[in-house]
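> So I've got this file, upload.cif, and it contains mmCIF, C-alpha atoms:
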data_start
#
loop_
_atom_site.label_atom_id
_atom_site.label_comp_id
_atom_site.auth_asym_id
_atom_site.auth_seq_id
_atom_site.Cartn_x
_atom_site.Cartn_y
_atom_site.Cartn_z
CA MET A 1189 -31.26 -92.40 -79.54
CA LYS A 1190 -27.62 -93.45 -79.67
CA PRO A 1191 -25.07 -94.53 -82.31
CA SER A 1192 -25.05 -98.22 -83.08
CA ALA A 1193 -22.07 -100.54 -83.16
CA ARG A 1194 -22.14 -100.31 -86.98
CA PHE A 1195 -21.89 -96.52 -86.79
CA LEU A 1196 -18.85 -96.75 -84.49
CA ILE A 1197 -17.13 -99.24 -86.80
CA LEU A 1198 -17.71 -96.93 -89.77
CA ALA A 1199 -16.35 -94.02 -87.71
CA VAL A 1200 -13.15 -95.99 -87.03
CA LEU A 1201 -12.85 -96.77 -90.74
CA ALA A 1202 -13.42 -93.10 -91.58
CA THR A 1203 -10.63 -92.16 -89.20
CA GLY A 1204 -8.28 -94.57 -90.95
CA ALA A 1205 -9.29 -93.24 -94.39
CA THR A 1206 -8.70 -89.68 -93.18
CA GLY A 1207 -5.14 -90.61 -92.14
CA LEU A 1208 -4.45 -92.02 -95.60
CA ALA A 1209 -5.99 -88.99 -97.33
CA VAL A 1210 -3.88 -86.44 -95.44
CA SER A 1211 -0.98 -87.02 -97.84
CA VAL A 1212 -3.23 -86.13 -100.78
CA GLY A 1213 -4.14 -82.79 -99.24
CA GLY A 1214 -7.03 -80.50 -100.07
CA LEU A 1215 -10.54 -81.64 -99.12
CA ALA A 1216 -9.75 -85.33 -99.43
CA PRO A 1217 -9.49 -85.97 -95.64
CA LEU A 1218 -13.03 -84.62 -95.18
CA ILE A 1219 -14.65 -86.90 -97.75
CA PRO A 1220 -14.99 -90.03 -95.49
CA TRP A 1221 -16.65 -87.94 -92.76
CA ALA A 1222 -18.94 -86.22 -95.23
CA VAL A 1223 -20.07 -89.58 -96.56
CA LEU A 1224 -20.64 -90.92 -93.03
CA ALA A 1225 -22.56 -87.80 -92.00
CA ALA A 1226 -24.75 -87.97 -95.10
CA ALA A 1227 -25.48 -91.65 -94.47
CA ALA A 1228 -26.37 -90.92 -90.83
CA VAL A 1229 -28.72 -88.06 -91.76
CA LEU A 1230 -30.35 -90.10 -94.52
CA ASP A 1231 -30.78 -93.01 -92.10
CA LEU A 1232 -32.51 -90.74 -89.60
CA ALA A 1233 -34.72 -89.24 -92.29
CA LEU A 1234 -35.84 -92.68 -93.50
CA SER A 1235 -36.23 -94.07 -90.00
CA ALA A 1236 -38.40 -91.59 -88.16
CA ALA A 1237 -38.72 -93.13 -84.69
CA PRO A 1238 -42.34 -93.83 -83.77
CA ARG A 1239 -43.56 -92.71 -80.36
CA LEU A 1240 -43.79 -96.04 -78.60
CA SER A 1241 -45.59 -96.65 -75.32
CA ALA A 1242 -46.35 -99.84 -73.42
CA ARG A 1243 -48.61 -100.97 -70.60
CA LEU A 1244 -48.51 -103.89 -68.20
CA GLU A 1245 -51.90 -105.62 -68.07
CA GLY A 1246 -53.18 -107.92 -65.34
CA ALA A 1247 -50.64 -107.08 -62.65
CA SER A 1248 -52.25 -104.36 -60.52
CA HIS A 1249 -52.71 -106.81 -57.62
CA LEU A 1250 -50.46 -109.81 -57.13
CA ILE A 1251 -50.29 -112.46 -54.42
CA CYS A 1252 -46.96 -112.68 -52.61
CA GLY A 1253 -45.17 -115.85 -53.69
CA GLU A 1254 -47.31 -116.22 -56.83
CA SER A 1255 -46.10 -116.50 -60.42
CA ARG A 1256 -48.52 -115.01 -62.91
CA PRO A 1257 -48.46 -114.64 -66.70
CA VAL A 1258 -49.15 -111.04 -67.76
CA GLU A 1259 -49.32 -109.16 -71.03
CA ILE A 1260 -47.23 -106.16 -72.06
CA GLY A 1261 -49.24 -104.34 -74.70
CA LEU A 1262 -47.84 -101.87 -77.25
CA ASP A 1263 -49.79 -98.92 -78.63
CA ARG A 1264 -48.54 -99.61 -82.19
CA PRO A 1265 -47.02 -102.54 -84.10
CA ALA A 1266 -43.53 -103.39 -82.92
CA PRO A 1267 -40.70 -102.14 -85.18
CA ALA A 1268 -38.26 -104.72 -86.55
CA GLY A 1269 -35.58 -105.76 -84.08
CA LEU A 1270 -37.39 -104.47 -80.98
CA THR A 1271 -36.08 -105.72 -77.64
CA LEU A 1272 -37.29 -104.81 -74.15
CA ALA A 1273 -34.91 -104.71 -71.18
CA PHE A 1274 -36.99 -104.69 -67.97
CA ASP A 1275 -36.51 -102.94 -64.67
CA TRP A 1276 -39.01 -104.71 -62.41
CA GLY A 1277 -38.03 -103.07 -59.15
CA GLU A 1278 -37.72 -104.69 -55.73
CA GLY A 1279 -41.14 -106.28 -55.28
CA VAL A 1280 -41.44 -108.21 -58.56
CA SER A 1281 -39.05 -110.30 -60.63
CA GLY A 1282 -39.29 -111.41 -64.23
CA PRO A 1283 -37.26 -111.84 -67.43
CA GLU A 1284 -34.45 -109.35 -67.94
CA VAL A 1285 -34.59 -108.99 -71.75
CA MET A 1286 -37.13 -110.18 -74.31
CA ARG A 1287 -37.35 -109.83 -78.08
CA VAL A 1288 -40.64 -108.77 -79.68
CA GLU A 1289 -41.71 -110.11 -83.06
CA PRO A 1290 -41.98 -107.43 -85.80
CA GLY A 1291 -45.53 -106.13 -86.11
CA ALA A 1292 -46.69 -107.65 -82.82
CA ASP A 1293 -48.93 -105.56 -80.58
CA GLY A 1294 -47.65 -107.09 -77.34
CA ILE A 1295 -45.75 -109.84 -75.63
CA GLY A 1296 -46.53 -112.26 -72.82
CA VAL A 1297 -44.21 -112.58 -69.82
CA GLU A 1298 -44.35 -114.40 -66.49
CA ILE A 1299 -43.58 -112.44 -63.34
CA PHE A 1300 -43.10 -113.49 -59.73
CA ALA A 1301 -44.28 -111.42 -56.75
CA ARG A 1302 -41.38 -111.53 -54.31
CA VAL A 1303 -42.01 -108.88 -51.66
CA ARG A 1304 -45.20 -107.50 -50.11
CA GLY A 1305 -46.02 -103.80 -50.46
CA GLU A 1306 -46.96 -101.06 -52.90
CA TRP A 1307 -44.32 -100.83 -55.62
CA PRO A 1308 -43.81 -98.22 -58.38
CA SER A 1309 -44.66 -99.13 -61.91
CA PRO A 1310 -42.00 -101.29 -63.64
CA ALA A 1311 -40.17 -99.82 -66.60
CA ALA A 1312 -38.59 -101.13 -69.76
CA ILE A 1313 -35.83 -99.82 -72.01
CA ALA A 1314 -36.97 -100.40 -75.57
CA ALA A 1315 -34.30 -100.71 -78.26
CA TRP A 1316 -34.60 -101.10 -82.03
CA PRO A 1317 -32.28 -100.19 -84.93
CA SER A 1318 -32.80 -97.60 -87.66
CA ARG A 1319 -33.27 -98.61 -91.30
CA PHE A 1320 -29.53 -98.75 -92.10
CA LYS A 1321 -28.71 -99.76 -88.49
CA LEU A 1322 -26.53 -96.73 -87.87
CA TRP A 1323 -28.66 -95.62 -84.90
CA VAL A 1324 -30.43 -97.33 -82.04
CA PHE A 1325 -33.63 -95.82 -80.69
CA ALA A 1326 -33.80 -96.54 -76.93
CA PRO A 1327 -36.70 -94.79 -75.15
CA ARG A 1328 -37.57 -95.64 -71.55
CA LEU A 1329 -41.14 -96.89 -71.27
CA ASP A 1330 -43.27 -96.66 -68.13
CA LEU A 1331 -45.37 -99.83 -67.99
CA GLY A 1332 -48.39 -98.36 -66.22
CA ALA A 1333 -49.85 -98.19 -62.74
CA PRO A 1334 -48.11 -99.23 -59.49
CA ILE A 1335 -48.23 -102.87 -58.41
CA ALA A 1336 -49.66 -103.99 -55.08
CA VAL A 1337 -48.24 -107.26 -53.74
CA LEU A 1338 -50.65 -108.62 -51.12
CA PRO A 1339 -50.60 -111.54 -48.66
CA ASP A 1340 -52.17 -114.77 -49.83
CA ILE A 1341 -55.80 -115.07 -48.69
CA ARG A 1342 -56.78 -117.79 -51.14
CA PRO A 1343 -57.04 -120.45 -48.39
CA ALA A 1344 -59.61 -118.22 -46.66
CA SER A 1345 -61.54 -117.14 -49.75
CA SER A 1346 -61.72 -120.62 -51.27
CA GLY A 1347 -64.18 -121.87 -48.64
CA GLU A 1348 -61.96 -124.81 -47.68
CA ILE A 1349 -61.27 -123.41 -44.21
CA ASP A 1350 -64.96 -122.64 -43.62
CA LEU A 1351 -65.85 -126.24 -44.41
CA LYS A 1352 -63.08 -127.64 -42.23
CA VAL A 1353 -63.94 -125.46 -39.22
CA ARG A 1354 -67.69 -126.03 -39.41
CA ALA A 1355 -67.22 -129.76 -39.83
CA ALA A 1356 -64.92 -129.89 -36.81
CA LEU A 1357 -67.01 -127.69 -34.50
CA ASP A 1358 -70.59 -128.34 -35.61
CA GLY A 1359 -70.46 -131.59 -37.50
CA GLN A 1360 -70.48 -135.27 -36.83
CA LYS A 1361 -67.38 -135.29 -34.65
CA GLU A 1362 -69.01 -133.13 -32.01
CA ASN A 1363 -72.14 -135.24 -31.81
CA HIS A 1364 -70.23 -138.48 -31.21
CA SER A 1365 -67.30 -137.33 -29.03
CA GLU A 1366 -67.99 -137.50 -25.32
CA GLY A 1367 -66.67 -134.83 -23.02
CA GLU A 1368 -65.75 -132.35 -25.75
CA GLY A 1369 -66.77 -128.78 -25.13
CA SER A 1370 -68.13 -126.97 -22.08
CA GLU A 1371 -70.77 -124.76 -23.69
CA PHE A 1372 -74.34 -126.12 -23.61
CA HIS A 1373 -75.74 -126.78 -27.06
CA GLN A 1374 -79.01 -128.72 -26.87
CA LEU A 1375 -80.98 -131.58 -25.33
CA ARG A 1376 -82.08 -134.57 -27.36
CA ASP A 1377 -83.59 -137.98 -26.80
CA HIS A 1378 -81.33 -140.81 -25.76
CA ALA A 1379 -80.70 -143.32 -28.52
CA PRO A 1380 -80.24 -147.05 -27.83
CA GLY A 1381 -76.59 -147.95 -27.39
CA GLU A 1382 -75.44 -144.48 -26.27
CA SER A 1383 -73.46 -144.13 -23.07
CA LEU A 1384 -75.47 -143.23 -19.97
CA ARG A 1385 -72.69 -140.85 -18.91
CA ARG A 1386 -74.16 -138.18 -21.18
CA VAL A 1387 -77.69 -138.41 -19.74
CA ASP A 1388 -78.97 -135.27 -17.98
CA TRP A 1389 -80.71 -137.06 -15.08
CA LYS A 1390 -82.48 -134.02 -13.59
CA ARG A 1391 -84.13 -133.00 -16.84
CA SER A 1392 -84.84 -136.64 -17.69
CA ALA A 1393 -86.67 -137.02 -14.36
CA ARG A 1394 -88.81 -133.96 -15.06
CA GLN A 1395 -89.60 -135.05 -18.60
CA ARG A 1396 -89.90 -138.75 -17.67
CA ARG A 1397 -87.71 -139.78 -20.60
CA LEU A 1398 -83.98 -140.10 -21.07
CA LEU A 1399 -82.41 -136.90 -22.43
CA ILE A 1400 -78.85 -136.45 -23.67
CA LYS A 1401 -77.11 -133.13 -23.00
CA GLU A 1402 -74.95 -132.05 -25.94
CA THR A 1403 -72.14 -129.54 -25.52
CA ARG A 1404 -69.87 -127.81 -27.98
CA ALA A 1405 -66.61 -125.98 -27.89
CA GLU A 1406 -66.84 -122.61 -26.21
CA ARG A 1407 -66.68 -119.60 -28.54
CA ASN A 1408 -65.31 -116.11 -27.96
CA HIS A 1409 -61.75 -117.05 -27.03
CA ASN A 1410 -58.86 -114.69 -27.75
CA VAL A 1411 -56.43 -115.71 -30.49
CA VAL A 1412 -53.41 -113.38 -30.72
CA LEU A 1413 -51.08 -113.59 -33.72
CA ALA A 1414 -47.56 -112.39 -32.82
CA ILE A 1415 -45.01 -112.01 -35.63
CA ASP A 1416 -41.31 -111.34 -35.18
CA ALA A 1417 -40.38 -108.89 -37.95
CA GLY A 1418 -36.63 -108.85 -37.25
CA TYR A 1419 -33.93 -109.42 -39.83
CA LEU A 1420 -33.78 -113.20 -39.29
CA MET A 1421 -37.29 -113.44 -40.70
CA ARG A 1422 -36.07 -111.95 -44.00
CA GLU A 1423 -34.26 -115.17 -44.91
CA GLU A 1424 -35.74 -116.76 -48.02
CA ILE A 1425 -37.02 -120.34 -48.03
CA ASP A 1426 -38.64 -121.79 -51.16
CA GLY A 1427 -38.40 -118.40 -52.91
CA LEU A 1428 -40.22 -116.45 -50.17
CA ALA A 1429 -39.09 -114.70 -47.00
CA LYS A 1430 -39.89 -116.47 -43.73
CA ILE A 1431 -42.03 -113.53 -42.66
CA ASP A 1432 -44.19 -113.93 -45.77
CA HIS A 1433 -44.73 -117.63 -45.10
CA ALA A 1434 -45.78 -116.63 -41.58
CA VAL A 1435 -48.09 -113.86 -42.82
CA ASN A 1436 -49.90 -116.19 -45.22
CA ALA A 1437 -50.34 -118.83 -42.51
CA VAL A 1438 -51.65 -116.49 -39.80
CA LEU A 1439 -54.14 -114.97 -42.24
CA ALA A 1440 -55.58 -118.43 -42.80
CA LEU A 1441 -55.62 -119.01 -39.04
CA ALA A 1442 -57.37 -115.67 -38.49
CA TRP A 1443 -60.12 -116.69 -40.90
CA ALA A 1444 -60.48 -120.06 -39.18
CA ALA A 1445 -60.80 -118.26 -35.83
CA ALA A 1446 -63.40 -115.91 -37.35
CA VAL A 1447 -65.48 -118.87 -38.55
CA GLY A 1448 -65.00 -120.52 -35.15
CA GLY A 1449 -66.44 -117.50 -33.34
CA ASP A 1450 -63.24 -116.37 -31.62
CA LYS A 1451 -61.68 -112.95 -31.28
CA VAL A 1452 -58.46 -112.24 -33.18
CA GLY A 1453 -55.65 -109.85 -32.24
CA PHE A 1454 -52.36 -108.99 -33.92
CA TYR A 1455 -48.95 -107.98 -32.60
CA ALA A 1456 -45.64 -107.37 -34.38
CA TYR A 1457 -42.22 -106.55 -32.97
CA ASP A 1458 -38.56 -106.38 -33.89
CA SER A 1459 -36.11 -104.27 -31.87
CA ARG A 1460 -39.20 -102.71 -30.28
CA PRO A 1461 -42.99 -103.24 -30.43
CA ARG A 1462 -44.39 -102.24 -33.82
CA ALA A 1463 -48.06 -103.01 -34.43
CA TRP A 1464 -50.88 -103.86 -32.03
CA LEU A 1465 -54.49 -104.62 -32.84
CA PRO A 1466 -56.49 -105.66 -29.74
CA PRO A 1467 -58.58 -108.82 -30.10
CA GLU A 1468 -61.89 -108.26 -31.88
CA PRO A 1469 -64.48 -110.59 -33.39
CA GLY A 1470 -62.74 -112.32 -36.28
CA ARG A 1471 -64.96 -111.33 -39.20
CA ALA A 1472 -64.79 -107.64 -38.31
CA MET A 1473 -61.08 -107.94 -37.64
CA PHE A 1474 -60.04 -109.74 -40.82
CA PRO A 1475 -59.92 -106.69 -43.18
CA LYS A 1476 -57.94 -104.70 -40.59
CA LEU A 1477 -55.59 -107.61 -40.09
CA ARG A 1478 -55.02 -108.03 -43.81
CA ARG A 1479 -54.13 -104.35 -44.19
CA ALA A 1480 -51.80 -104.50 -41.19
CA LEU A 1481 -50.03 -107.60 -42.48
CA ALA A 1482 -49.77 -106.20 -46.01
CA GLY A 1483 -47.95 -103.17 -44.60
CA LEU A 1484 -45.66 -105.15 -42.29
CA SER A 1485 -42.17 -104.02 -43.28
CA TYR A 1486 -39.02 -106.07 -43.82
CA GLU A 1487 -36.76 -104.85 -41.03
CA ASP A 1488 -32.97 -105.03 -40.94
CA ARG A 1489 -32.81 -104.73 -37.15
CA GLU A 1490 -32.21 -107.57 -34.72
CA SER A 1491 -35.25 -108.59 -32.70
CA ASN A 1492 -35.50 -107.89 -28.99
CA PRO A 1493 -37.65 -110.76 -27.65
CA THR A 1494 -37.35 -109.53 -24.06
CA LEU A 1495 -39.00 -106.21 -24.82
CA GLY A 1496 -41.30 -107.54 -27.53
CA LEU A 1497 -42.80 -110.51 -25.68
CA ALA A 1498 -42.88 -108.77 -22.30
CA THR A 1499 -44.87 -105.92 -23.85
CA LEU A 1500 -47.28 -108.43 -25.38
CA GLY A 1501 -47.75 -110.10 -21.99
CA ASP A 1502 -48.60 -106.76 -20.39
CA ARG A 1503 -51.25 -106.06 -23.02
CA LEU A 1504 -53.08 -109.37 -22.65
CA ARG A 1505 -55.60 -109.17 -19.80
CA ARG A 1506 -57.33 -112.45 -20.54
CA ARG A 1507 -56.01 -115.96 -21.09
CA SER A 1508 -55.38 -116.28 -24.80
CA LEU A 1509 -54.05 -118.56 -27.47
CA VAL A 1510 -50.85 -116.77 -28.57
CA VAL A 1511 -49.27 -117.86 -31.85
CA VAL A 1512 -45.65 -116.66 -32.00
CA CYS A 1513 -43.93 -116.76 -35.40
CA SER A 1514 -40.23 -116.17 -34.83
CA ASP A 1515 -36.73 -117.43 -35.57
CA PHE A 1516 -33.43 -117.98 -33.80
CA VAL A 1517 -29.84 -118.80 -34.71
CA ASP A 1518 -28.48 -121.03 -31.94
CA THR A 1519 -28.92 -122.06 -28.33
CA THR A 1520 -27.09 -119.00 -27.01
CA THR A 1521 -29.06 -116.30 -28.82
CA SER A 1522 -32.38 -118.03 -28.03
CA GLU A 1523 -31.99 -117.81 -24.22
CA LEU A 1524 -33.83 -114.50 -23.87
CA MET A 1525 -36.65 -115.69 -26.09
CA LEU A 1526 -37.02 -118.92 -24.08
CA GLU A 1527 -37.17 -116.93 -20.85
CA GLN A 1528 -40.01 -114.73 -22.11
CA LEU A 1529 -41.91 -117.67 -23.59
CA SER A 1530 -41.66 -119.36 -20.21
CA HIS A 1531 -43.26 -116.34 -18.52
CA LEU A 1532 -46.02 -116.10 -21.14
CA SER A 1533 -46.83 -119.81 -20.97
CA LYS A 1534 -47.78 -119.49 -17.29
CA ARG A 1535 -50.81 -117.37 -18.19
CA HIS A 1536 -51.49 -118.20 -21.84
CA LEU A 1537 -51.38 -121.10 -24.25
CA ILE A 1538 -48.39 -120.53 -26.56
CA VAL A 1539 -47.92 -122.03 -30.01
CA PHE A 1540 -44.45 -121.36 -31.37
CA VAL A 1541 -44.22 -121.54 -35.16
CA ALA A 1542 -40.79 -122.52 -36.49
CA LEU A 1543 -40.01 -122.88 -40.20
CA ARG A 1544 -37.72 -125.69 -41.27
CA ASP A 1545 -35.33 -125.07 -44.13
CA PRO A 1546 -35.57 -128.09 -46.47
CA GLY A 1547 -32.37 -127.00 -48.22
CA ALA A 1548 -30.32 -126.99 -45.03
CA GLU A 1549 -31.76 -130.33 -43.95
CA ALA A 1550 -30.92 -131.86 -47.32
CA GLU A 1551 -27.39 -130.50 -47.11
CA ALA A 1552 -26.98 -131.95 -43.62
CA ALA A 1553 -28.11 -135.39 -44.82
CA ALA A 1554 -26.13 -135.43 -48.09
CA PRO A 1555 -22.84 -137.35 -48.21
CA ALA A 1556 -19.78 -135.14 -48.57
CA GLN A 1557 -18.01 -135.26 -51.93
CA ASP A 1558 -15.04 -133.04 -51.06
CA LEU A 1559 -13.57 -131.02 -48.19
CA SER A 1560 -15.76 -127.94 -48.72
CA GLY A 1561 -18.84 -130.16 -48.96
CA ALA A 1562 -17.89 -131.87 -45.71
CA ALA A 1563 -17.52 -128.50 -43.97
CA ALA A 1564 -20.91 -127.35 -45.25
CA ALA A 1565 -22.58 -130.61 -44.19
CA LEU A 1566 -21.02 -130.39 -40.73
CA ALA A 1567 -22.22 -126.79 -40.29
CA ALA A 1568 -25.74 -127.76 -41.42
CA ARG A 1569 -25.81 -130.70 -38.98
CA ASP A 1570 -24.67 -128.49 -36.10
CA TRP A 1571 -27.39 -125.96 -36.96
CA THR A 1572 -30.04 -128.69 -37.15
CA ARG A 1573 -28.95 -130.17 -33.82
CA GLU A 1574 -28.96 -126.82 -31.99
CA ARG A 1575 -32.32 -125.97 -33.48
CA ARG A 1576 -33.76 -129.24 -32.18
CA ILE A 1577 -32.30 -128.57 -28.70
CA VAL A 1578 -34.04 -125.18 -28.54
CA LEU A 1579 -37.38 -126.56 -29.72
CA ASP A 1580 -37.21 -129.41 -27.20
CA ARG A 1581 -36.57 -126.90 -24.41
CA MET A 1582 -39.62 -124.94 -25.51
CA ALA A 1583 -41.76 -128.06 -25.35
CA ARG A 1584 -40.54 -128.77 -21.80
CA LEU A 1585 -41.56 -125.23 -20.83
CA GLY A 1586 -45.14 -125.96 -21.85
CA VAL A 1587 -44.97 -124.28 -25.26
CA MET A 1588 -46.61 -126.11 -28.14
CA VAL A 1589 -44.05 -126.22 -30.95
CA LEU A 1590 -45.16 -126.31 -34.57
CA ASP A 1591 -42.06 -127.19 -36.58
CA SER A 1592 -43.09 -127.23 -40.22
CA ALA A 1593 -41.85 -126.98 -43.76
CA PRO A 1594 -43.18 -123.83 -45.50
CA ARG A 1595 -45.50 -125.72 -47.87
CA ASP A 1596 -47.24 -127.47 -44.93
CA LEU A 1597 -47.39 -124.53 -42.52
CA THR A 1598 -50.89 -123.18 -43.27
CA ALA A 1599 -52.63 -126.56 -43.11
CA ARG A 1600 -50.81 -127.61 -39.93
CA LEU A 1601 -51.46 -124.29 -38.17
CA VAL A 1602 -55.20 -124.39 -38.90
CA SER A 1603 -55.39 -128.06 -37.84
CA THR A 1604 -53.56 -127.25 -34.59
CA TYR A 1605 -56.00 -124.44 -33.85
CA LEU A 1606 -59.00 -126.72 -34.47
CA ASP A 1607 -57.57 -129.43 -32.24
CA LEU A 1608 -57.03 -126.91 -29.42
CA LYS A 1609 -60.45 -125.42 -30.03
CA ILE A 1610 -62.25 -128.75 -29.77
CA ARG A 1611 -60.31 -129.71 -26.63
CA GLU A 1612 -60.80 -126.18 -25.25
CA ALA A 1613 -57.13 -126.12 -24.33
CA ALA A 1614 -57.06 -122.33 -24.62
#
What does this structure look like when you write it as structure tokens?

Amino acid sequence: MKPSARFLILAVLATGATGLAVSVGGLAPLIPWAVLAAAAVLDLALSAAPRLSARLEGASHLICGESRPVEIGLDRPAPAGLTLAFDWGEGVSGPEVMRVEPGADGIGVEIFARVRGEWPSPAAIAAWPSRFKLWVFAPRLDLGAPIAVLPDIRPASSGEIDLKVRAALDGQKENHSEGEGSEFHQLRDHAPGESLRRVDWKRSARQRRLLIKETRAERNHNVVLAIDAGYLMREEIDGLAKIDHAVNAVLALAWAAAVGGDKVGFYAYDSRPRAWLPPEPGRAMFPKLRRALAGLSYEDRESNPTLGLATLGDRLRRRSLVVVCSDFVDTTTSELMLEQLSHLSKRHLIVFVALRDPGAEAEAAAPAQDLSGAAAALAARDWTRERRIVLDRMARLGVMVLDSAPRDLTARLVSTYLDLKIREAA
């Protein structure tokens, strides 16, 4: 509870009246203060503050990068003039102040999950005036249980990836594409018009009929997801940190690998190696991977690609498909990363995931309107050019570069994996 603006104005007026009443003498200077005190006490007596509590409903688990409407419920009808000033914390953002209709038992708000992790319960400072508006009641309200912001697994849980993987590996494409796959699948009768190159002549001679040998993509490959957790990956693109875009994409890829019968491993590094999960069958690995990615912290240290990627290379005993999600600033600072990628690419198939910044590209392409705009456009063009130089050098080293806008990253990464899987490039 605190004095209102009206109370302070009346106190100033009482001070002025006291100055005028000093010349009269006696008890006259005390009269304005006695009247103000009586009004304040009467206001409190007639405006007994109710014990108000609130709860946040429907926000115990949020998806990182998702906006969701939620309800803030009150345990009693809202007093007249009630406003709520919110303290959402680091992981969630939402409206700063909202007014509640008198008598309402709650209010709807829309919140945005910004940062992965377990976050304390949000709070709100409630404020409403007394009957005569001499006081403001302002209790702090705890809005309920902590909020968990999790990576986005909706592409995996929707069934879309399952359908895409099964169609690519076991569907019509496999049956009609010659030379794809090295793992024996089945024998079947030759159909008129089919190429004789696919005939198994030895078995056909024994059976005395033409038999076609069908193959399919080999299963049980290693797919290792390597994420750079350094400070460059904290940069926000489309309202989400680069590392979160990468986390959502590699989770979808992990599920695709699980459906495709491959083993999945996980590695994270910044200034030093952080997390390591050896490759395991994908379906058993997926819950572990989701927990590991949910707890992947936002580091403020600069990455050390020499130590990070060299350590990863030492841990991989078998040829693997290694997906590296990282970032760089310019051609100079990327030299060490290029050197390590070159070493890794001699033993493994490397896919380097780079996130384009649509805002920077738009700024580079926009015509300059003034001197500051020209300077910004020139800096953006230099950055775009140096970025392209680095990515071209990676491609010449034998690294497959996936340069994608954030909104297209998940679909392109899964499609790239399926293409490599069918061609057995890994």
> Please return, as a tab-separated table (two decimals) with C-alpha atoms, in the coordinates of the input, all polymer residues that have at least one atom within 12 Å of the point (-38.0, -116.0, -41.5); use only C-alpha atoms and the file's own coordinate frame.

chain	number	residue	atom	x	y	z
A	1415	ILE	CA	-45.01	-112.01	-35.63
A	1416	ASP	CA	-41.31	-111.34	-35.18
A	1417	ALA	CA	-40.38	-108.89	-37.95
A	1418	GLY	CA	-36.63	-108.85	-37.25
A	1419	TYR	CA	-33.93	-109.42	-39.83
A	1420	LEU	CA	-33.78	-113.20	-39.29
A	1421	MET	CA	-37.29	-113.44	-40.70
A	1422	ARG	CA	-36.07	-111.95	-44.00
A	1423	GLU	CA	-34.26	-115.17	-44.91
A	1424	GLU	CA	-35.74	-116.76	-48.02
A	1425	ILE	CA	-37.02	-120.34	-48.03
A	1426	ASP	CA	-38.64	-121.79	-51.16
A	1427	GLY	CA	-38.40	-118.40	-52.91
A	1428	LEU	CA	-40.22	-116.45	-50.17
A	1429	ALA	CA	-39.09	-114.70	-47.00
A	1430	LYS	CA	-39.89	-116.47	-43.73
A	1431	ILE	CA	-42.03	-113.53	-42.66
A	1432	ASP	CA	-44.19	-113.93	-45.77
A	1433	HIS	CA	-44.73	-117.63	-45.10
A	1434	ALA	CA	-45.78	-116.63	-41.58
A	1435	VAL	CA	-48.09	-113.86	-42.82
A	1486	TYR	CA	-39.02	-106.07	-43.82
A	1487	GLU	CA	-36.76	-104.85	-41.03
A	1491	SER	CA	-35.25	-108.59	-32.70
A	1513	CYS	CA	-43.93	-116.76	-35.40
A	1514	SER	CA	-40.23	-116.17	-34.83
A	1515	ASP	CA	-36.73	-117.43	-35.57
A	1516	PHE	CA	-33.43	-117.98	-33.80
A	1517	VAL	CA	-29.84	-118.80	-34.71
A	1541	VAL	CA	-44.22	-121.54	-35.16
A	1542	ALA	CA	-40.79	-122.52	-36.49
A	1543	LEU	CA	-40.01	-122.88	-40.20
A	1544	ARG	CA	-37.72	-125.69	-41.27
A	1545	ASP	CA	-35.33	-125.07	-44.13
A	1593	ALA	CA	-41.85	-126.98	-43.76
A	1594	PRO	CA	-43.18	-123.83	-45.50
> Using the chain letters and numbers from the file, which residues does the PyMOL selection byres ((chain A and resi 1292) around 12) grab, as a list of chain:residue names?
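Against this file, the PyMOL selection byres ((chain A and resi 1292) around 12) returns the residues A:Ile1260, A:Gly1261, A:Leu1262, A:Asp1263, A:Arg1264, A:Pro1265, A:Ala1266, A:Pro1267, A:Ala1268, A:Gly1269, A:Leu1270, A:Thr1271, A:Arg1287, A:Val1288, A:Glu1289, A:Pro1290, A:Gly1291, A:Asp1293, A:Gly1294, A:Ile1295, A:Gly1296.
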> On this file, the PyMOL selection byres ((chain A and resi 1307) around 10) gives some set of residues; write that set as a ChimeraX atom specification.
/A:1248,1276-1280,1303-1306,1308-1310,1333-1337
> Just write the chosen residues, C-alpha atoms, as a PDB file, in the coordinates of the input.

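Now in out-v9.pdb:
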ATOM      1  CA  SER A1248     -52.250-104.360 -60.520  1.00  0.00           C
ATOM      2  CA  TRP A1276     -39.010-104.710 -62.410  1.00  0.00           C
ATOM      3  CA  GLY A1277     -38.030-103.070 -59.150  1.00  0.00           C
ATOM      4  CA  GLU A1278     -37.720-104.690 -55.730  1.00  0.00           C
ATOM      5  CA  GLY A1279     -41.140-106.280 -55.280  1.00  0.00           C
ATOM      6  CA  VAL A1280     -41.440-108.210 -58.560  1.00  0.00           C
ATOM      7  CA  VAL A1303     -42.010-108.880 -51.660  1.00  0.00           C
ATOM      8  CA  ARG A1304     -45.200-107.500 -50.110  1.00  0.00           C
ATOM      9  CA  GLY A1305     -46.020-103.800 -50.460  1.00  0.00           C
ATOM     10  CA  GLU A1306     -46.960-101.060 -52.900  1.00  0.00           C
ATOM     11  CA  PRO A1308     -43.810 -98.220 -58.380  1.00  0.00           C
ATOM     12  CA  SER A1309     -44.660 -99.130 -61.910  1.00  0.00           C
ATOM     13  CA  PRO A1310     -42.000-101.290 -63.640  1.00  0.00           C
ATOM     14  CA  ALA A1333     -49.850 -98.190 -62.740  1.00  0.00           C
ATOM     15  CA  PRO A1334     -48.110 -99.230 -59.490  1.00  0.00           C
ATOM     16  CA  ILE A1335     -48.230-102.870 -58.410  1.00  0.00           C
ATOM     17  CA  ALA A1336     -49.660-103.990 -55.080  1.00  0.00           C
ATOM     18  CA  VAL A1337     -48.240-107.260 -53.740  1.00  0.00           C
TER      19      VAL A1337
END
